[in-house]
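Text of the file upload-v3.cif, holding mmCIF, C-alpha atoms:
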```cif
data_entry
#
loop_
_atom_site.label_atom_id
_atom_site.label_comp_id
_atom_site.auth_asym_id
_atom_site.auth_seq_id
_atom_site.Cartn_x
_atom_site.Cartn_y
_atom_site.Cartn_z
CA MET A 455 60.00 90.88 137.36
CA THR A 456 60.04 93.94 139.61
CA THR A 457 62.96 96.33 139.79
CA LEU A 458 63.89 95.01 143.24
CA GLU A 459 63.79 91.39 142.06
CA GLN A 460 65.96 92.32 139.06
CA PHE A 461 68.43 94.13 141.33
CA LYS A 462 68.67 91.09 143.64
CA LYS A 463 69.31 88.82 140.67
CA GLU A 464 71.94 91.10 139.15
CA ILE A 465 73.84 91.62 142.42
CA SER A 466 73.76 87.89 143.17
CA GLU A 467 75.10 86.99 139.72
CA LEU A 468 77.69 89.77 139.80
CA VAL A 469 79.14 88.73 143.14
CA ARG A 470 79.06 84.99 142.38
CA THR A 471 80.65 85.41 138.93
CA HIS A 472 83.43 87.73 140.14
CA ARG A 473 84.15 85.53 143.15
CA LYS A 474 84.46 82.39 141.02
CA LYS A 475 86.56 84.11 138.34
CA SER A 476 88.84 85.31 141.13
CA ALA A 477 89.14 81.68 142.32
CA LEU A 478 87.86 82.63 145.77
CA SER A 479 85.74 80.48 148.01
CA GLN A 480 82.86 82.13 149.84
CA ALA A 481 84.93 81.92 153.02
CA ALA A 482 87.95 83.56 151.37
CA LEU A 483 85.84 86.42 150.00
CA ALA A 484 84.21 86.85 153.39
CA HIS A 485 87.67 87.09 154.99
CA LEU A 486 88.85 89.68 152.43
CA ALA A 487 85.71 91.76 152.93
CA GLY A 488 85.68 91.39 156.70
CA VAL A 489 82.25 89.74 156.86
CA GLY A 490 80.93 86.31 157.80
CA LYS A 491 80.72 83.66 155.09
CA THR A 492 76.95 83.40 155.59
CA VAL A 493 76.72 87.01 154.37
CA ILE A 494 78.32 85.96 151.07
CA PHE A 495 76.11 82.88 150.83
CA ASP A 496 72.96 84.90 151.50
CA LEU A 497 73.96 87.61 149.03
CA GLU A 498 74.66 85.08 146.28
CA HIS A 499 71.26 83.52 146.91
CA GLY A 500 69.32 86.78 146.62
CA LYS A 501 68.79 87.57 150.28
CA MET A 502 68.97 91.34 150.43
CA THR A 503 68.90 92.01 154.16
CA ILE A 504 72.40 93.41 153.95
CA GLN A 505 73.61 96.81 155.06
CA LEU A 506 74.95 99.12 152.38
CA ASP A 507 78.39 99.39 153.98
CA THR A 508 78.64 95.59 154.05
CA LEU A 509 77.67 95.36 150.38
CA LEU A 510 80.23 98.02 149.48
CA ARG A 511 82.98 96.13 151.38
CA ILE A 512 82.15 92.95 149.45
CA LEU A 513 82.08 94.77 146.12
CA GLY A 514 85.35 96.51 146.99
CA ALA A 515 87.01 93.18 147.79
CA LEU A 516 86.03 92.03 144.29
CA ASN A 517 87.19 95.31 142.71
CA ILE A 518 83.64 96.20 141.68
CA GLU A 519 82.63 99.85 141.71
CA MET A 520 79.00 100.82 142.24
CA LYS A 521 77.84 104.13 140.79
CA LEU A 522 74.56 105.95 141.09
CA TYR A 523 73.18 108.02 138.24
CA SER A 524 70.62 110.78 138.54
CA PRO A 525 69.29 112.36 135.33
CA LEU A 526 68.09 115.34 137.39
CA LEU A 527 71.51 116.05 138.91
CA GLN A 528 73.20 115.51 135.54
CA ALA A 529 70.86 118.03 133.89
CA MET A 530 71.48 120.54 136.70
CA LYS A 531 75.26 120.20 136.29
CA GLU A 532 74.99 120.68 132.55
CA THR A 533 72.85 123.78 133.04
CA GLN A 534 75.36 125.25 135.53
CA GLN A 535 78.24 124.67 133.09
CA SER A 536 76.48 126.54 130.28
#
```

Output the structure of this file as structure tokens.
Amino acid sequence: MTTLEQFKKEISELVRTHRKKSALSQAALAHLAGVGKTVIFDLEHGKMTIQLDTLLRILGALNIEMKLYSPLLQAMKETQQS
């Protein structure tokens, strides 16, 4: 499985699991996030033609925080602090 395929799978499972545990329908989540319900359906089924701001609105509605990690930037910060 490629990195992109793994990412699609993880995002799909993450959104679906959090939505169901929050007792939200796809339509209710779409309303909370300010997107169409087909966006939620597509996302939960691995379709990744979604804009980053839309993804972040959906994750925010589910109280999910996305973080990026860069070993290079981390090493540079550590070097500057020394």

Selection in question (the file shown): the PyMOL selection byres ((chain A and resi 512-521) around 7). Which residues does it include, as a compact mmCIF listing (two decimals) with C-alpha atoms, in the coordinates of the input?
```txt
# COMPACT_ATOMS: atom_id res chain seq x y z
CA HIS A 472 83.43 87.73 140.14
CA ARG A 473 84.15 85.53 143.15
CA LEU A 486 88.85 89.68 152.43
CA ALA A 487 85.71 91.76 152.93
CA THR A 508 78.64 95.59 154.05
CA LEU A 509 77.67 95.36 150.38
CA LEU A 510 80.23 98.02 149.48
CA ARG A 511 82.98 96.13 151.38
CA LEU A 522 74.56 105.95 141.09
CA TYR A 523 73.18 108.02 138.24
```

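Across the chains present, the PyMOL selection byres ((chain A and resi 492) around 12) applied to this file returns A:Ser479, A:Gln480, A:Ala481, A:Ala482, A:Leu483, A:Ala484, A:His485, A:Gly488, A:Val489, A:Gly490, A:Lys491, A:Val493, A:Ile494, A:Phe495, A:Asp496, A:Leu497, A:Glu498, A:His499, A:Lys501, A:Thr503, A:Ile504.
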
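In this structure, atom CA of Phe461 of chain A sits 27.0 Å away from atom CA of Met530 of chain A.
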
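Closest approach to Met502 of chain A among A:Ser476, A:Ser466, A:Gln528, A:Thr533: A:Ser466, based on only C-alpha atoms.
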
One decimal place gives the atom CA of Ala477 of chain A-atom CA of Gln460 of chain A separation as 25.7 Å
